[in-house]
Structure formats: C-alpha cells, structure tokens
Amino acid sequence: MLGSLVALAALAAQVSAHYTFPSLIVNGKETEAWVNVRKTNNHYSQAPVTDVTSADFRCYTSQTNAKAETIDVAAGSTLGIACDQTIYHPGVVNVYMARAPTGKPVADWDGAGRVWFKTHEITAVTDGGKSITFPAEGVPSVNFTVPRALPSGEYLVRMEAIALHSAERKGGAQFYISCGQINVTGGGSGTPSPLVEIPGVYTGEEPGIMIDINWPIPQNYTQPGPAVWRG
C-alpha cells in the first residue's frame, strides 16, 4: 500500500512539472484555453514530445485533429503565448510562424512544407563554464513583437519550449508544443526567412538539443534552429 502511494505521489509530481500552452495573449488579454490554440494531444497528460521526426512535432494534434478559432493580431503589436502554469524545467524557447496558402483558411491548413520561420527565441546564458542559466525557466508566458514588415494574412504560431534537464542523450530533450491561429492585420511587405520544414528542422543531435547542462557546465550554448526573422 505504501509503495503504491509513493508511486502515485511520484507520478503526480512528474505531471505537475509538465505543462501546455493553451492560450494566446492579444491586446494584453489572455484568451480562453484551446479557443485560439489547437488542442494538443497532451491537453490532459501534459506529456512532451521527444521525437523530433514525429508528425506530432509540428502541432502535436495527431489524436485531437484539432482546429481553433483565428484571432486578429496587428503587425507591430505584442503577441503572447500563455502557459497553463509556468515553464517549470530549465530550457530554451523558440517561436515559429507559417503563413497559410493564399485562399486557404489557416484553420484548414496543417502547416506542411518548408514554410516555417522563427520569430522569437529565448536562449541560455553562459559565462565560459562557470554557470548556465535559463531566462525562460519559471515564466508564465512568452511575449514578442509581431514584425511590422510581416505581410497580412493568416498564420500558425508554433510555441516550442525545449526542456533540457535530461537532454544528455538523444531523445532526452522534452518539447512542449502548441499551435495558435492568428490573422495578421496592417502588415508590411517583408519576406520572412530562412524557411524550414517541421518536422525536419532538427535531427535531435544538435548541440543545443543533445546537451548535458549539469556537468561539465557548458562553456557556451548554441540555440537550435534558424536565425530569428525580425522584419
């Protein structure tokens, strides 16, 4: 009996350490959970994706097949992606966007192809091997400016929080993922680049994904993925 209680307590602790990103923050207001964000497979379990080649690595909706409502967001404004608690684990963040094809509502589009560009990142901070810190750890949301030069249109916004506490082996990094749906208004004439495919952007062996953050303390950190497009 005692062993069962200990196991249940351990499971509860593990689940509480996991998280999802079910809401956007638009005009300073947090949207309702899973209204403007596609409900992910882990909406209950909160389990991460660990296989970067999996189809779930894009939006994590293979079981839910979810769609969401699309919300207007002005180019040049601040867009937030809210966690259901806080980003518990040490790690980094990437935010990607992809524009739906002309004439196709983003709600009916799966984001396939070399169409994704990075719009924001929160990396690690190192000092030559003395310490490594993670500014994204413990934050309740990730906020960034939608580039003013981003063309108007409907987009997927993909949140990617990479937990690195067990990343010393391939497949050990944990990816917490969600895809929101926005309609960018008042946009410009920029050309986002470089474009990548998801899955396909990582092999899982990148130095910023397969890394021991505990010992020896890394002297530097290389953020995975392409450069951020700032417009």
# chains A, B, ... in the order shown; residues from 1 in each chain; ligands from 1
>>> residues_around(residues="Val73 in chain A", least_positions_apart="3", cutoff="8 Å", atoms="only C-alpha atoms", output="list in words")
Val26, Ser77, Leu79, Ile182, Asn183, Val184 and Thr185 of chain A
>>> write_last_selection(atoms="N, CA and C atoms", output="CSV table (one decimal), in the first residue's frame")
chain,number,residue,atom,x,y,z
A,26,VAL,N,-3.5,38.6,-26.5
A,26,VAL,CA,-3.7,39.6,-27.6
A,26,VAL,C,-4.3,40.8,-27.0
A,77,SER,N,2.4,44.7,-33.1
A,77,SER,CA,1.9,44.6,-31.7
A,77,SER,C,2.6,43.4,-31.0
A,79,LEU,N,2.4,40.0,-29.1
A,79,LEU,CA,1.6,38.7,-29.0
A,79,LEU,C,2.3,37.9,-27.9
A,182,ILE,N,-3.7,32.9,-36.0
A,182,ILE,CA,-3.9,34.3,-35.9
A,182,ILE,C,-4.1,34.9,-37.4
A,183,ASN,N,-4.7,36.0,-37.5
A,183,ASN,CA,-4.8,36.8,-38.7
A,183,ASN,C,-4.1,38.1,-38.5
A,184,VAL,N,-3.0,38.2,-39.2
A,184,VAL,CA,-2.2,39.4,-39.1
A,184,VAL,C,-2.8,40.5,-39.9
A,185,THR,N,-3.0,41.7,-39.3
A,185,THR,CA,-3.6,42.8,-40.0
A,185,THR,C,-2.6,44.0,-40.0
>>> residues_around(residues="range 29-33 of chain A", least_positions_apart="2", cutoff="12 Å", atoms="only C-alpha atoms", output="mmCIF file with C-alpha atoms, in the first residue's frame")
data_model
loop_
_atom_site.group_PDB
_atom_site.id
_atom_site.type_symbol
_atom_site.label_atom_id
_atom_site.label_comp_id
_atom_site.auth_asym_id
_atom_site.auth_seq_id
_atom_site.Cartn_x
_atom_site.Cartn_y
_atom_site.Cartn_z
ATOM 1 C CA THR A 20 0.926 23.075 -22.002
ATOM 2 C CA PHE A 21 0.447 26.371 -23.860
ATOM 3 C CA PRO A 22 -3.326 26.612 -24.386
ATOM 4 C CA SER A 23 -3.848 30.365 -24.737
ATOM 5 C CA LEU A 24 -2.687 33.445 -26.597
ATOM 6 C CA ILE A 25 -2.347 36.939 -25.165
ATOM 7 C CA VAL A 26 -3.720 39.557 -27.572
ATOM 8 C CA ASN A 27 -4.021 43.252 -26.730
ATOM 9 C CA VAL A 35 -10.030 28.566 -28.302
ATOM 10 C CA ASN A 36 -7.342 30.220 -30.448
ATOM 11 C CA VAL A 37 -4.835 27.397 -29.902
ATOM 12 C CA ARG A 38 -5.326 23.919 -31.336
ATOM 13 C CA LYS A 39 -5.933 21.449 -28.510
ATOM 14 C CA THR A 40 -2.861 19.238 -28.249
ATOM 15 C CA HIS A 43 -4.048 18.652 -23.018
ATOM 16 C CA ALA A 68 -9.140 26.566 -33.472
ATOM 17 C CA GLU A 69 -10.673 29.976 -33.979
ATOM 18 C CA THR A 70 -8.471 32.561 -35.689
ATOM 19 C CA ILE A 71 -7.896 35.840 -33.877
ATOM 20 C CA VAL A 73 -3.360 40.437 -34.341
ATOM 21 C CA THR A 78 2.853 42.309 -28.842
ATOM 22 C CA LEU A 79 1.645 38.723 -29.021
ATOM 23 C CA GLY A 80 1.881 36.419 -26.043
ATOM 24 C CA ILE A 81 1.667 32.652 -25.641
ATOM 25 C CA ALA A 82 0.496 31.635 -22.180
ATOM 26 C CA CYS A 83 1.481 28.554 -20.216
ATOM 27 C CA ASP A 84 -1.135 26.745 -18.133
ATOM 28 C CA PRO A 140 4.141 32.160 -17.167
ATOM 29 C CA SER A 141 4.111 33.350 -20.774
ATOM 30 C CA VAL A 142 6.312 34.184 -23.730
ATOM 31 C CA ASN A 143 5.757 37.571 -25.368
ATOM 32 C CA SER A 178 1.300 24.189 -29.372
ATOM 33 C CA GLY A 180 -2.176 29.061 -32.326
ATOM 34 C CA GLN A 181 -4.091 30.613 -35.211
#
>>> closest_atom_pairs(of="range 52-116 of chain A", to="range 124-130 of chain A", cutoff="12 Å", atoms="only C-alpha atoms", output="Markdown table")
| residue | atom | partner | partner_atom | distance |
| --- | --- | --- | --- | --- |
| A:Pro90 | CA | A:Ala124 | CA | 9.1 |
| A:Gly91 | CA | A:Ala124 | CA | 7.3 |
| A:Val92 | CA | A:Ala124 | CA | 6.4 |
| A:Val93 | CA | A:Ala124 | CA | 9.3 |
| A:Asn94 | CA | A:Ala124 | CA | 11.8 |
>>> write_last_selection(atoms="C-alpha atoms", output="PDB file, in the first residue's frame")
ATOM      1  CA  PRO A  90      15.337  24.620 -17.370  1.00  0.00           C
ATOM      2  CA  GLY A  91      15.472  25.112 -21.115  1.00  0.00           C
ATOM      3  CA  VAL A  92      15.025  27.418 -24.063  1.00  0.00           C
ATOM      4  CA  VAL A  93      12.201  28.663 -26.264  1.00  0.00           C
ATOM      5  CA  ASN A  94      11.635  29.052 -29.989  1.00  0.00           C
TER       6      ASN A  94
END
>>> residues_around(residues="Asp51 in chain A", least_positions_apart="5", cutoff="10 Å", atoms="only C-alpha atoms", output="number ranges by chain")
A: 56-57, 170-175, 199, 202-204
>>> write_last_selection(atoms="N, CA, C and O atoms", output="short mmCIF file (atom, residue, chain, number, x, y, z; two decimals), in the first residue's frame")
data_model
loop_
_atom_site.label_atom_id
_atom_site.label_comp_id
_atom_site.auth_asym_id
_atom_site.auth_seq_id
_atom_site.Cartn_x
_atom_site.Cartn_y
_atom_site.Cartn_z
N ASP A 56 3.86 14.62 -34.84
CA ASP A 56 3.38 15.42 -33.72
C ASP A 56 4.33 16.56 -33.38
O ASP A 56 3.96 17.44 -32.60
N PHE A 57 5.52 16.53 -33.94
CA PHE A 57 6.47 17.59 -33.62
C PHE A 57 6.03 18.94 -34.19
O PHE A 57 6.50 19.97 -33.73
N LYS A 170 20.38 11.41 -26.80
CA LYS A 170 19.43 11.70 -27.87
C LYS A 170 18.04 11.23 -27.46
O LYS A 170 17.87 10.12 -26.97
N GLY A 171 17.07 12.09 -27.67
CA GLY A 171 15.70 11.78 -27.27
C GLY A 171 15.39 12.19 -25.85
O GLY A 171 14.25 12.02 -25.39
N GLY A 172 16.37 12.74 -25.15
CA GLY A 172 16.16 13.15 -23.77
C GLY A 172 15.55 14.53 -23.61
O GLY A 172 14.90 14.82 -22.60
N ALA A 173 15.75 15.39 -24.59
CA ALA A 173 15.13 16.72 -24.55
C ALA A 173 13.62 16.58 -24.67
O ALA A 173 13.12 15.73 -25.42
N GLN A 174 12.91 17.41 -23.93
CA GLN A 174 11.45 17.38 -23.96
C GLN A 174 10.93 18.64 -24.63
O GLN A 174 11.31 19.75 -24.27
N PHE A 175 10.04 18.44 -25.61
CA PHE A 175 9.49 19.56 -26.36
C PHE A 175 8.02 19.76 -25.98
O PHE A 175 7.20 18.85 -26.12
N PRO A 199 8.05 18.63 -39.04
CA PRO A 199 9.39 18.19 -38.63
C PRO A 199 10.39 18.27 -39.79
O PRO A 199 9.99 18.35 -40.95
N TYR A 202 15.17 19.81 -37.15
CA TYR A 202 16.19 19.27 -36.26
C TYR A 202 16.43 17.78 -36.53
O TYR A 202 15.53 17.08 -37.02
N THR A 203 17.61 17.32 -36.16
CA THR A 203 17.90 15.89 -36.16
C THR A 203 17.81 15.29 -34.75
O THR A 203 17.70 14.09 -34.59
N GLY A 204 17.86 16.14 -33.75
CA GLY A 204 17.89 15.69 -32.37
C GLY A 204 19.29 15.59 -31.81
O GLY A 204 19.48 15.33 -30.62
#
>>> select_by_dssp(residues="range 14-190 of chain A", states="strand (DSSP E or B)", output="count of residues only")
67
>>> select_by_dssp(residues="range 1-230 of chain A", states="helix (DSSP H, G or I)", output="list in words")
Leu2, Gly3, Ser4, Leu5, Val6, Ala7, Leu8, Ala9, Ala10, Leu11, Ala12, Ala13, Gln14, Val15, Ser16, Asp56, Phe57, Arg58, Cys59, Val106, Ala107 and Asp108 of chain A
>>> write_last_selection(atoms="all heavy atoms", output="short mmCIF file (atom, residue, chain, number, x, y, z; two decimals), in the first residue's frame")
data_model
loop_
_atom_site.label_atom_id
_atom_site.label_comp_id
_atom_site.auth_asym_id
_atom_site.auth_seq_id
_atom_site.Cartn_x
_atom_site.Cartn_y
_atom_site.Cartn_z
N LEU A 2 1.86 1.25 0.88
CA LEU A 2 2.76 2.40 0.96
C LEU A 2 3.47 2.62 -0.36
O LEU A 2 3.61 3.75 -0.84
CB LEU A 2 3.77 2.22 2.09
CG LEU A 2 4.78 3.35 2.28
CD1 LEU A 2 4.05 4.66 2.57
CD2 LEU A 2 5.75 3.01 3.40
N GLY A 3 3.91 1.50 -0.98
CA GLY A 3 4.61 1.60 -2.26
C GLY A 3 3.72 2.21 -3.32
O GLY A 3 4.17 3.02 -4.14
N SER A 4 2.44 1.85 -3.33
CA SER A 4 1.50 2.40 -4.31
C SER A 4 1.32 3.90 -4.11
O SER A 4 1.26 4.68 -5.06
CB SER A 4 0.15 1.69 -4.20
OG SER A 4 0.28 0.32 -4.50
N LEU A 5 1.23 4.32 -2.83
CA LEU A 5 1.07 5.73 -2.54
C LEU A 5 2.29 6.53 -2.97
O LEU A 5 2.16 7.64 -3.52
CB LEU A 5 0.81 5.93 -1.04
CG LEU A 5 -0.54 5.44 -0.53
CD1 LEU A 5 -0.59 5.54 0.99
CD2 LEU A 5 -1.67 6.23 -1.16
N VAL A 6 3.47 5.97 -2.75
CA VAL A 6 4.71 6.64 -3.16
C VAL A 6 4.74 6.78 -4.68
O VAL A 6 5.11 7.83 -5.22
CB VAL A 6 5.93 5.88 -2.65
CG1 VAL A 6 7.20 6.44 -3.27
CG2 VAL A 6 6.01 5.95 -1.12
N ALA A 7 4.35 5.71 -5.38
CA ALA A 7 4.35 5.74 -6.84
C ALA A 7 3.37 6.77 -7.36
O ALA A 7 3.66 7.52 -8.31
CB ALA A 7 4.00 4.35 -7.39
N LEU A 8 2.18 6.84 -6.73
CA LEU A 8 1.19 7.83 -7.16
C LEU A 8 1.68 9.24 -6.91
O LEU A 8 1.46 10.15 -7.72
CB LEU A 8 -0.13 7.58 -6.43
CG LEU A 8 -0.94 6.37 -6.88
CD1 LEU A 8 -2.11 6.13 -5.94
CD2 LEU A 8 -1.44 6.56 -8.31
N ALA A 9 2.33 9.44 -5.77
CA ALA A 9 2.87 10.77 -5.46
C ALA A 9 3.95 11.17 -6.45
O ALA A 9 4.01 12.32 -6.90
CB ALA A 9 3.43 10.77 -4.04
N ALA A 10 4.79 10.21 -6.82
CA ALA A 10 5.84 10.49 -7.80
C ALA A 10 5.25 10.84 -9.15
O ALA A 10 5.71 11.75 -9.85
CB ALA A 10 6.77 9.28 -7.92
N LEU A 11 4.19 10.11 -9.55
CA LEU A 11 3.53 10.39 -10.82
C LEU A 11 2.89 11.77 -10.80
O LEU A 11 3.00 12.53 -11.77
CB LEU A 11 2.47 9.32 -11.10
CG LEU A 11 1.66 9.49 -12.40
CD1 LEU A 11 2.59 9.45 -13.61
CD2 LEU A 11 0.60 8.40 -12.50
N ALA A 12 2.25 12.11 -9.70
CA ALA A 12 1.62 13.42 -9.59
C ALA A 12 2.66 14.53 -9.68
O ALA A 12 2.44 15.56 -10.32
CB ALA A 12 0.85 13.52 -8.27
N ALA A 13 3.81 14.33 -9.05
CA ALA A 13 4.88 15.33 -9.10
C ALA A 13 5.40 15.48 -10.52
O ALA A 13 5.68 16.59 -10.98
CB ALA A 13 6.01 14.93 -8.16
N GLN A 14 5.51 14.35 -11.22
CA GLN A 14 6.01 14.40 -12.59
C GLN A 14 5.05 15.16 -13.49
O GLN A 14 5.45 16.01 -14.29
CB GLN A 14 6.21 12.98 -13.12
CG GLN A 14 6.77 12.94 -14.53
CD GLN A 14 6.92 11.52 -15.05
OE1 GLN A 14 6.13 10.64 -14.73
NE2 GLN A 14 7.94 11.29 -15.84
N VAL A 15 3.75 14.88 -13.35
CA VAL A 15 2.76 15.56 -14.18
C VAL A 15 2.73 17.05 -13.87
O VAL A 15 2.63 17.89 -14.76
CB VAL A 15 1.36 14.93 -13.96
CG1 VAL A 15 0.29 15.78 -14.62
CG2 VAL A 15 1.34 13.51 -14.53
N SER A 16 2.84 17.42 -12.58
CA SER A 16 2.80 18.82 -12.21
C SER A 16 3.99 19.60 -12.76
O SER A 16 3.94 20.81 -12.90
CB SER A 16 2.75 18.97 -10.69
OG SER A 16 3.97 18.56 -10.10
N ASP A 56 3.86 14.62 -34.84
CA ASP A 56 3.38 15.42 -33.72
C ASP A 56 4.33 16.56 -33.38
O ASP A 56 3.96 17.44 -32.60
CB ASP A 56 3.17 14.55 -32.49
CG ASP A 56 1.79 13.93 -32.45
OD1 ASP A 56 0.84 14.58 -32.95
OD2 ASP A 56 1.64 12.80 -31.97
N PHE A 57 5.52 16.53 -33.94
CA PHE A 57 6.47 17.59 -33.62
C PHE A 57 6.03 18.94 -34.19
O PHE A 57 6.50 19.97 -33.73
CB PHE A 57 7.86 17.23 -34.16
CG PHE A 57 8.96 18.10 -33.62
CD1 PHE A 57 9.27 18.09 -32.28
CD2 PHE A 57 9.66 18.96 -34.45
CE1 PHE A 57 10.27 18.90 -31.76
CE2 PHE A 57 10.67 19.77 -33.96
CZ PHE A 57 10.96 19.74 -32.61
N ARG A 58 5.10 18.92 -35.13
CA ARG A 58 4.64 20.19 -35.70
C ARG A 58 3.65 20.88 -34.77
O ARG A 58 3.93 21.94 -34.25
CB ARG A 58 4.01 19.96 -37.08
CG ARG A 58 3.63 21.27 -37.79
CD ARG A 58 2.97 20.99 -39.13
NE ARG A 58 3.85 20.23 -39.99
CZ ARG A 58 3.45 19.33 -40.89
NH1 ARG A 58 2.16 19.08 -41.03
NH2 ARG A 58 4.32 18.70 -41.64
N CYS A 59 2.50 20.28 -34.55
CA CYS A 59 1.48 20.92 -33.72
C CYS A 59 0.92 20.01 -32.63
O CYS A 59 0.06 20.44 -31.86
CB CYS A 59 0.34 21.44 -34.57
SG CYS A 59 0.76 22.89 -35.58
N VAL A 106 -6.42 29.32 -42.43
CA VAL A 106 -5.41 28.65 -41.61
C VAL A 106 -6.03 27.52 -40.80
O VAL A 106 -5.37 26.53 -40.48
CB VAL A 106 -4.69 29.67 -40.71
CG1 VAL A 106 -5.60 30.19 -39.60
CG2 VAL A 106 -3.42 29.07 -40.12
N ALA A 107 -7.32 27.63 -40.48
CA ALA A 107 -7.99 26.57 -39.72
C ALA A 107 -8.03 25.25 -40.49
O ALA A 107 -8.15 24.18 -39.88
CB ALA A 107 -9.41 27.01 -39.36
N ASP A 108 -7.93 25.32 -41.82
CA ASP A 108 -7.98 24.11 -42.64
C ASP A 108 -6.61 23.68 -43.14
O ASP A 108 -6.51 22.82 -44.02
CB ASP A 108 -8.90 24.35 -43.85
CG ASP A 108 -10.33 24.63 -43.45
OD1 ASP A 108 -10.76 24.12 -42.39
OD2 ASP A 108 -11.02 25.38 -44.17
#
